[in-house]
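Dumped run27.cif below, it's mmCIF, N, CA and C atoms:
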```cif
data_work
#
loop_
_atom_site.label_atom_id
_atom_site.label_comp_id
_atom_site.auth_asym_id
_atom_site.auth_seq_id
_atom_site.Cartn_x
_atom_site.Cartn_y
_atom_site.Cartn_z
N GLY A 1 113.66 140.97 110.31
CA GLY A 1 114.20 140.30 111.49
C GLY A 1 113.40 139.06 111.84
N PRO A 2 113.82 138.40 112.90
CA PRO A 2 113.12 137.19 113.31
C PRO A 2 111.71 137.50 113.84
N ILE A 3 110.82 136.55 113.66
CA ILE A 3 109.45 136.70 114.15
C ILE A 3 109.34 135.99 115.50
N PRO A 4 108.85 136.69 116.54
CA PRO A 4 108.71 136.03 117.84
C PRO A 4 107.70 134.88 117.78
N VAL A 5 107.97 133.84 118.55
CA VAL A 5 107.09 132.68 118.62
C VAL A 5 106.64 132.50 120.07
N VAL A 6 105.33 132.29 120.25
CA VAL A 6 104.77 132.04 121.58
C VAL A 6 104.23 130.62 121.60
N GLU A 7 104.57 129.87 122.64
CA GLU A 7 103.98 128.55 122.82
C GLU A 7 102.74 128.68 123.70
N LEU A 8 101.60 128.24 123.16
CA LEU A 8 100.37 128.19 123.96
C LEU A 8 100.20 126.76 124.44
N ARG A 9 99.92 126.61 125.71
CA ARG A 9 99.55 125.30 126.24
C ARG A 9 98.08 125.37 126.59
N ILE A 10 97.29 124.58 125.90
CA ILE A 10 95.84 124.65 126.01
C ILE A 10 95.35 123.40 126.74
N LEU A 11 94.67 123.63 127.86
CA LEU A 11 94.10 122.54 128.64
C LEU A 11 92.67 122.33 128.19
N LEU A 12 92.36 121.13 127.73
CA LEU A 12 91.00 120.78 127.30
C LEU A 12 90.46 119.70 128.21
N GLN A 13 89.21 119.85 128.64
CA GLN A 13 88.59 118.82 129.45
C GLN A 13 87.15 118.63 129.00
N ASN A 14 86.75 117.39 128.89
CA ASN A 14 85.35 117.08 128.58
C ASN A 14 84.59 117.11 129.90
N THR A 15 83.85 118.18 130.12
CA THR A 15 83.14 118.33 131.40
C THR A 15 81.65 118.03 131.30
N GLY A 16 81.12 117.81 130.09
CA GLY A 16 79.68 117.69 130.01
C GLY A 16 79.13 116.69 129.02
N PHE A 17 79.96 116.10 128.18
CA PHE A 17 79.43 115.19 127.15
C PHE A 17 79.70 113.75 127.57
N SER A 18 78.67 113.09 128.12
CA SER A 18 78.87 111.74 128.65
C SER A 18 78.41 110.66 127.68
N ASN A 19 77.77 111.08 126.60
CA ASN A 19 77.17 110.13 125.67
C ASN A 19 78.15 109.79 124.55
N GLY A 20 79.36 109.36 124.89
CA GLY A 20 80.38 109.06 123.89
C GLY A 20 81.64 109.84 124.19
N VAL A 21 82.32 110.28 123.13
CA VAL A 21 83.58 110.99 123.31
C VAL A 21 83.60 112.29 122.50
N VAL A 22 84.49 113.18 122.90
CA VAL A 22 84.77 114.40 122.15
C VAL A 22 86.08 114.17 121.42
N PHE A 23 86.06 114.29 120.10
CA PHE A 23 87.28 114.15 119.30
C PHE A 23 87.86 115.53 119.03
N LEU A 24 89.17 115.63 119.01
CA LEU A 24 89.85 116.85 118.61
C LEU A 24 90.52 116.57 117.27
N PRO A 25 89.91 117.02 116.15
CA PRO A 25 90.53 116.76 114.85
C PRO A 25 91.86 117.51 114.71
N ASP A 26 92.77 116.93 113.91
CA ASP A 26 94.01 117.64 113.62
C ASP A 26 93.62 118.91 112.86
N GLN A 27 94.21 120.03 113.24
CA GLN A 27 93.78 121.32 112.69
C GLN A 27 94.91 122.34 112.80
N HIS A 28 94.78 123.41 112.01
CA HIS A 28 95.71 124.54 112.12
C HIS A 28 95.09 125.56 113.05
N PHE A 29 95.88 126.07 113.98
CA PHE A 29 95.38 127.04 114.94
C PHE A 29 95.80 128.45 114.56
N SER A 30 94.99 129.42 114.96
CA SER A 30 95.38 130.82 114.82
C SER A 30 94.75 131.59 115.97
N VAL A 31 95.42 132.65 116.37
CA VAL A 31 94.93 133.51 117.45
C VAL A 31 94.35 134.77 116.82
N ASP A 32 93.13 135.12 117.20
CA ASP A 32 92.50 136.33 116.70
C ASP A 32 93.01 137.52 117.51
N ALA A 33 93.62 138.46 116.82
CA ALA A 33 94.14 139.67 117.47
C ALA A 33 93.48 140.91 116.87
N SER A 34 92.25 140.74 116.41
CA SER A 34 91.55 141.83 115.72
C SER A 34 91.24 142.99 116.67
N THR A 35 91.22 144.18 116.10
CA THR A 35 90.78 145.37 116.83
C THR A 35 89.51 145.87 116.14
N ARG A 36 88.94 146.94 116.66
CA ARG A 36 87.74 147.50 116.02
C ARG A 36 88.05 147.98 114.61
N ARG A 37 89.27 148.44 114.41
CA ARG A 37 89.63 149.03 113.11
C ARG A 37 90.14 148.00 112.12
N LYS A 38 90.73 146.91 112.61
CA LYS A 38 91.44 146.04 111.68
C LYS A 38 91.37 144.58 112.14
N GLY A 39 91.07 143.70 111.18
CA GLY A 39 91.09 142.26 111.47
C GLY A 39 92.51 141.74 111.39
N GLU A 40 92.89 140.93 112.36
CA GLU A 40 94.26 140.40 112.36
C GLU A 40 94.29 139.02 112.99
N LYS A 41 95.03 138.11 112.36
CA LYS A 41 95.22 136.77 112.91
C LYS A 41 96.71 136.50 113.06
N MET A 42 97.07 135.89 114.19
CA MET A 42 98.44 135.39 114.38
C MET A 42 98.39 133.89 114.10
N LEU A 43 99.13 133.45 113.10
CA LEU A 43 99.02 132.08 112.62
C LEU A 43 99.97 131.14 113.34
N GLU A 44 99.59 129.87 113.34
CA GLU A 44 100.44 128.82 113.90
C GLU A 44 101.70 128.69 113.05
N VAL A 45 102.82 128.40 113.69
CA VAL A 45 104.08 128.16 112.99
C VAL A 45 103.94 126.86 112.20
N SER A 46 104.30 126.91 110.91
CA SER A 46 104.27 125.68 110.11
C SER A 46 105.59 125.57 109.35
N GLY A 47 105.91 124.38 108.91
CA GLY A 47 107.12 124.17 108.13
C GLY A 47 108.38 124.01 108.97
N ASP A 48 108.26 123.92 110.29
CA ASP A 48 109.41 123.71 111.15
C ASP A 48 109.03 122.66 112.19
N ASP A 49 109.63 121.48 112.10
CA ASP A 49 109.24 120.36 112.96
C ASP A 49 109.44 120.65 114.45
N ARG A 50 110.34 121.58 114.77
CA ARG A 50 110.56 121.90 116.20
C ARG A 50 109.32 122.52 116.81
N PHE A 51 108.48 123.13 115.99
CA PHE A 51 107.30 123.82 116.49
C PHE A 51 106.00 123.12 116.10
N GLN A 52 106.09 121.81 115.86
CA GLN A 52 104.92 121.02 115.47
C GLN A 52 103.90 121.00 116.61
N ARG A 53 102.62 121.22 116.29
CA ARG A 53 101.58 121.13 117.32
C ARG A 53 101.53 119.69 117.81
N ARG A 54 101.30 119.53 119.12
CA ARG A 54 101.24 118.17 119.64
C ARG A 54 100.45 118.11 120.94
N VAL A 55 100.06 116.91 121.28
CA VAL A 55 99.38 116.66 122.55
C VAL A 55 100.47 116.29 123.55
N LEU A 56 100.63 117.11 124.60
CA LEU A 56 101.67 116.87 125.59
C LEU A 56 101.26 115.80 126.60
N HIS A 57 99.96 115.77 126.91
CA HIS A 57 99.53 114.88 127.99
C HIS A 57 98.04 114.60 127.84
N VAL A 58 97.65 113.37 128.09
CA VAL A 58 96.23 113.02 128.16
C VAL A 58 96.02 112.26 129.46
N GLU A 59 95.06 112.71 130.24
CA GLU A 59 94.74 112.05 131.50
C GLU A 59 93.48 111.22 131.32
N ARG A 60 93.64 109.90 131.39
CA ARG A 60 92.52 108.97 131.19
C ARG A 60 91.94 108.55 132.53
N ARG A 61 90.63 108.35 132.55
CA ARG A 61 89.99 107.83 133.77
C ARG A 61 90.25 106.34 133.90
N ASN A 62 90.30 105.64 132.78
CA ASN A 62 90.54 104.19 132.78
C ASN A 62 91.77 103.91 131.94
N LYS A 63 92.83 103.44 132.56
CA LYS A 63 94.11 103.25 131.86
C LYS A 63 94.04 102.20 130.75
N ASN A 64 93.08 101.27 130.82
CA ASN A 64 93.00 100.19 129.84
C ASN A 64 92.07 100.51 128.67
N ASP A 65 91.67 101.77 128.58
CA ASP A 65 90.72 102.16 127.54
C ASP A 65 91.30 102.06 126.14
N HIS A 66 90.51 101.54 125.23
CA HIS A 66 90.92 101.48 123.82
C HIS A 66 90.27 102.63 123.07
N SER A 67 90.83 102.93 121.92
CA SER A 67 90.32 104.02 121.10
C SER A 67 88.88 103.73 120.68
N PRO A 68 87.98 104.71 120.81
CA PRO A 68 86.57 104.49 120.46
C PRO A 68 86.35 104.51 118.95
N GLN A 69 85.17 104.06 118.55
CA GLN A 69 84.80 104.13 117.13
C GLN A 69 84.62 105.58 116.72
N ARG A 70 85.16 105.90 115.60
CA ARG A 70 85.16 107.29 115.13
C ARG A 70 84.00 107.50 114.15
N LYS A 71 83.27 108.59 114.33
CA LYS A 71 82.15 108.88 113.42
C LYS A 71 82.52 109.88 112.34
N ALA A 72 83.64 110.58 112.52
CA ALA A 72 84.05 111.58 111.53
C ALA A 72 85.27 111.04 110.77
N PHE A 73 85.67 111.77 109.73
CA PHE A 73 86.80 111.31 108.92
C PHE A 73 87.99 112.23 109.14
N GLY A 74 89.17 111.72 108.84
CA GLY A 74 90.38 112.53 108.97
C GLY A 74 91.15 112.16 110.22
N ARG A 75 92.32 112.78 110.37
CA ARG A 75 93.18 112.50 111.51
C ARG A 75 92.69 113.26 112.72
N GLU A 76 93.00 112.71 113.88
CA GLU A 76 92.62 113.40 115.11
C GLU A 76 93.85 113.55 116.00
N MET A 77 93.82 114.59 116.82
CA MET A 77 94.91 114.81 117.77
C MET A 77 94.69 113.96 119.01
N CYS A 78 93.44 113.89 119.48
CA CYS A 78 93.12 113.06 120.64
C CYS A 78 91.61 112.96 120.78
N PHE A 79 91.17 112.16 121.75
CA PHE A 79 89.75 112.08 122.09
C PHE A 79 89.64 112.12 123.60
N LEU A 80 88.49 112.61 124.07
CA LEU A 80 88.26 112.73 125.51
C LEU A 80 86.89 112.18 125.88
N ARG A 81 86.89 111.21 126.81
CA ARG A 81 85.63 110.79 127.42
C ARG A 81 85.31 111.75 128.54
N LEU A 82 84.15 111.58 129.17
CA LEU A 82 83.72 112.49 130.23
C LEU A 82 84.79 112.62 131.32
N PHE A 83 85.10 113.85 131.67
CA PHE A 83 86.07 114.24 132.71
C PHE A 83 87.52 113.88 132.38
N GLU A 84 87.81 113.51 131.13
CA GLU A 84 89.20 113.30 130.74
C GLU A 84 89.78 114.62 130.25
N THR A 85 91.10 114.74 130.35
CA THR A 85 91.79 116.00 130.12
C THR A 85 92.96 115.80 129.16
N ALA A 86 93.22 116.80 128.32
CA ALA A 86 94.39 116.80 127.44
C ALA A 86 95.05 118.17 127.48
N VAL A 87 96.37 118.19 127.27
CA VAL A 87 97.11 119.45 127.17
C VAL A 87 97.74 119.50 125.78
N LEU A 88 97.42 120.56 125.02
CA LEU A 88 97.99 120.76 123.69
C LEU A 88 99.09 121.79 123.74
N SER A 89 100.09 121.60 122.90
CA SER A 89 101.13 122.61 122.72
C SER A 89 101.02 123.13 121.29
N VAL A 90 100.82 124.45 121.16
CA VAL A 90 100.68 125.08 119.85
C VAL A 90 101.60 126.30 119.82
N HIS A 91 102.40 126.43 118.76
CA HIS A 91 103.31 127.57 118.63
C HIS A 91 102.73 128.57 117.63
N ILE A 92 102.64 129.82 118.06
CA ILE A 92 102.03 130.88 117.27
C ILE A 92 103.08 131.92 116.88
N HIS A 93 103.04 132.36 115.61
CA HIS A 93 103.86 133.50 115.16
C HIS A 93 103.29 134.75 115.81
N ALA A 94 103.98 135.29 116.80
CA ALA A 94 103.48 136.47 117.53
C ALA A 94 104.02 137.73 116.87
N ARG A 95 103.62 137.94 115.64
CA ARG A 95 104.11 139.07 114.85
C ARG A 95 103.82 140.39 115.56
N GLY A 96 104.84 141.21 115.74
CA GLY A 96 104.67 142.51 116.38
C GLY A 96 104.61 142.45 117.90
N CYS A 97 104.88 141.28 118.48
CA CYS A 97 104.84 141.13 119.94
C CYS A 97 106.23 140.74 120.45
N ASN A 98 107.00 141.74 120.84
CA ASN A 98 108.36 141.43 121.30
C ASN A 98 108.41 141.00 122.76
N THR A 99 107.27 141.05 123.48
CA THR A 99 107.21 140.55 124.85
C THR A 99 105.95 139.70 125.01
N THR A 100 105.96 138.84 126.03
CA THR A 100 104.80 138.00 126.30
C THR A 100 103.59 138.85 126.68
N SER A 101 103.82 139.91 127.46
CA SER A 101 102.68 140.73 127.88
C SER A 101 102.05 141.44 126.68
N LYS A 102 102.86 141.80 125.69
CA LYS A 102 102.31 142.41 124.49
C LYS A 102 101.41 141.41 123.74
N PHE A 103 101.87 140.16 123.67
CA PHE A 103 101.05 139.11 123.06
C PHE A 103 99.74 138.96 123.84
N CYS A 104 99.83 138.92 125.17
CA CYS A 104 98.63 138.75 126.01
C CYS A 104 97.66 139.91 125.82
N ASN A 105 98.16 141.11 125.64
CA ASN A 105 97.29 142.27 125.43
C ASN A 105 96.60 142.23 124.07
N ARG A 106 97.28 141.68 123.06
CA ARG A 106 96.73 141.68 121.71
C ARG A 106 95.86 140.47 121.41
N ALA A 107 96.14 139.33 122.06
CA ALA A 107 95.40 138.10 121.78
C ALA A 107 93.98 138.21 122.31
N LYS A 108 93.00 138.00 121.44
CA LYS A 108 91.60 138.11 121.85
C LYS A 108 90.97 136.73 122.08
N LYS A 109 91.19 135.81 121.11
CA LYS A 109 90.57 134.48 121.23
C LYS A 109 91.25 133.50 120.29
N ILE A 110 91.03 132.23 120.58
CA ILE A 110 91.50 131.16 119.69
C ILE A 110 90.29 130.25 119.44
N GLN A 111 90.19 129.72 118.24
CA GLN A 111 89.10 128.82 117.89
C GLN A 111 89.65 127.40 117.81
N ILE A 112 88.96 126.48 118.48
CA ILE A 112 89.37 125.08 118.50
C ILE A 112 88.21 124.26 117.94
N LEU A 113 88.49 123.43 116.94
CA LEU A 113 87.46 122.57 116.38
C LEU A 113 87.36 121.30 117.21
N VAL A 114 86.12 120.93 117.56
CA VAL A 114 85.86 119.68 118.26
C VAL A 114 84.80 118.91 117.49
N SER A 115 84.86 117.60 117.56
CA SER A 115 83.91 116.76 116.85
C SER A 115 83.14 115.91 117.86
N ILE A 116 81.81 116.10 117.87
CA ILE A 116 80.93 115.38 118.80
C ILE A 116 79.83 114.73 117.99
N ASP A 117 79.66 113.42 118.14
CA ASP A 117 78.63 112.68 117.40
C ASP A 117 78.74 112.88 115.90
N GLY A 118 79.95 112.98 115.38
CA GLY A 118 80.15 113.12 113.94
C GLY A 118 79.98 114.53 113.41
N THR A 119 79.65 115.49 114.29
CA THR A 119 79.49 116.88 113.88
C THR A 119 80.67 117.69 114.41
N THR A 120 81.35 118.38 113.50
CA THR A 120 82.48 119.22 113.91
C THR A 120 81.99 120.64 114.10
N ARG A 121 82.35 121.21 115.24
CA ARG A 121 81.91 122.58 115.53
C ARG A 121 83.04 123.37 116.17
N PRO A 122 83.02 124.70 115.99
CA PRO A 122 84.08 125.53 116.58
C PRO A 122 83.80 125.84 118.05
N LEU A 123 84.84 125.79 118.83
CA LEU A 123 84.77 126.17 120.23
C LEU A 123 85.65 127.43 120.34
N VAL A 124 85.04 128.57 120.64
CA VAL A 124 85.79 129.82 120.70
C VAL A 124 86.22 130.07 122.14
N VAL A 125 87.53 130.20 122.35
CA VAL A 125 88.07 130.37 123.70
C VAL A 125 88.66 131.77 123.82
N PRO A 126 88.04 132.63 124.65
CA PRO A 126 88.58 133.99 124.81
C PRO A 126 89.82 133.98 125.70
N PHE A 127 90.68 134.97 125.50
CA PHE A 127 91.90 135.10 126.28
C PHE A 127 91.76 136.10 127.42
N HIS A 128 90.57 136.66 127.64
CA HIS A 128 90.50 137.84 128.49
C HIS A 128 90.89 137.66 129.95
N ASN A 129 91.07 136.47 130.46
CA ASN A 129 91.53 136.35 131.85
C ASN A 129 92.94 135.82 131.93
N ILE A 130 93.70 135.98 130.87
CA ILE A 130 94.99 135.32 130.78
C ILE A 130 95.97 135.77 131.87
N ILE A 131 95.93 137.03 132.27
CA ILE A 131 96.86 137.49 133.31
C ILE A 131 96.09 138.11 134.47
N GLY A 132 94.79 138.13 134.38
CA GLY A 132 94.00 138.66 135.49
C GLY A 132 93.57 140.11 135.28
N HIS A 133 94.01 140.74 134.20
CA HIS A 133 93.51 142.08 133.92
C HIS A 133 92.84 142.06 132.56
N ARG A 134 91.98 143.03 132.32
CA ARG A 134 91.23 143.25 131.09
C ARG A 134 89.76 143.23 131.36
#
```
Now, as a test, write the supplied structure out as structure tokens.
Amino acid sequence: GPIPVVELRILLQNTGFSNGVVFLPDQHFSVDASTRRKGEKMLEVSGDDRFQRRVLHVERRNKNDHSPQRKAFGREMCFLRLFETAVLSVHIHARGCNTTSKFCNRAKKIQILVSIDGTTRPLVVPFHNIIGHR
């Protein structure tokens, strides 16, 4: 049968790096749904343009800002200077989750790669406060 799809909207804000910008490299996302007994990942939908990951909104502090010099290689989704904000839309194959609350109960964390000063590092974002219980 059909596989349920969940759209995640991820709010990112640069709250502490003032010495340049934080780059968000283009990347494939997955949600960790592992349990103590079994490792499991829910993968991003690929191969369907309707579910393409994208940046929905970027809030700039200075509207006339130009793109900064990039220290890393490859494509990027966006960049954030201090206190700037972006909203990402990512669609996940929510295999085995026929309701949103089931997805929320199973989703443990998502890893987002960020690039700062030419170094790319993982930012692990837990889901544990998604609905206020857990």
Inset, instruction - Considering only C-alpha atoms, return as a ChimeraX atom specification whatever protein or nucleic-acid residues lie within 6 Å of His91 (chain A), sequence-local ones (same chain, fewer than 5 positions apart) excluded. - result: /A:6-7,44-45,51
Inset, instruction - Do a neighbour search on Arg61 (chain A) at 12 Å with only C-alpha atoms, toss out local chain neighbours closer than 2 positions, and write the hits as a PyMOL selection string. - result: chain A and resi 13-14+58-59+63-66+80-86
Inset, instruction - Run through the PyMOL selection byres (((chain A and resi 28-41 and name CA) around 8) and name CA) on the given coordinates and return the selected residues as a PyMOL selection string. - result: chain A and resi 26-27+42-44+90+92+106-112
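Taking CA of Phe79 (chain A) and CA of Arg60 (chain A) as endpoints, the distance between them is 10.0 Å.
Interatomic distance, atom C of Asp49 (chain A) against atom C of Val5 (chain A): 13.4 Å.
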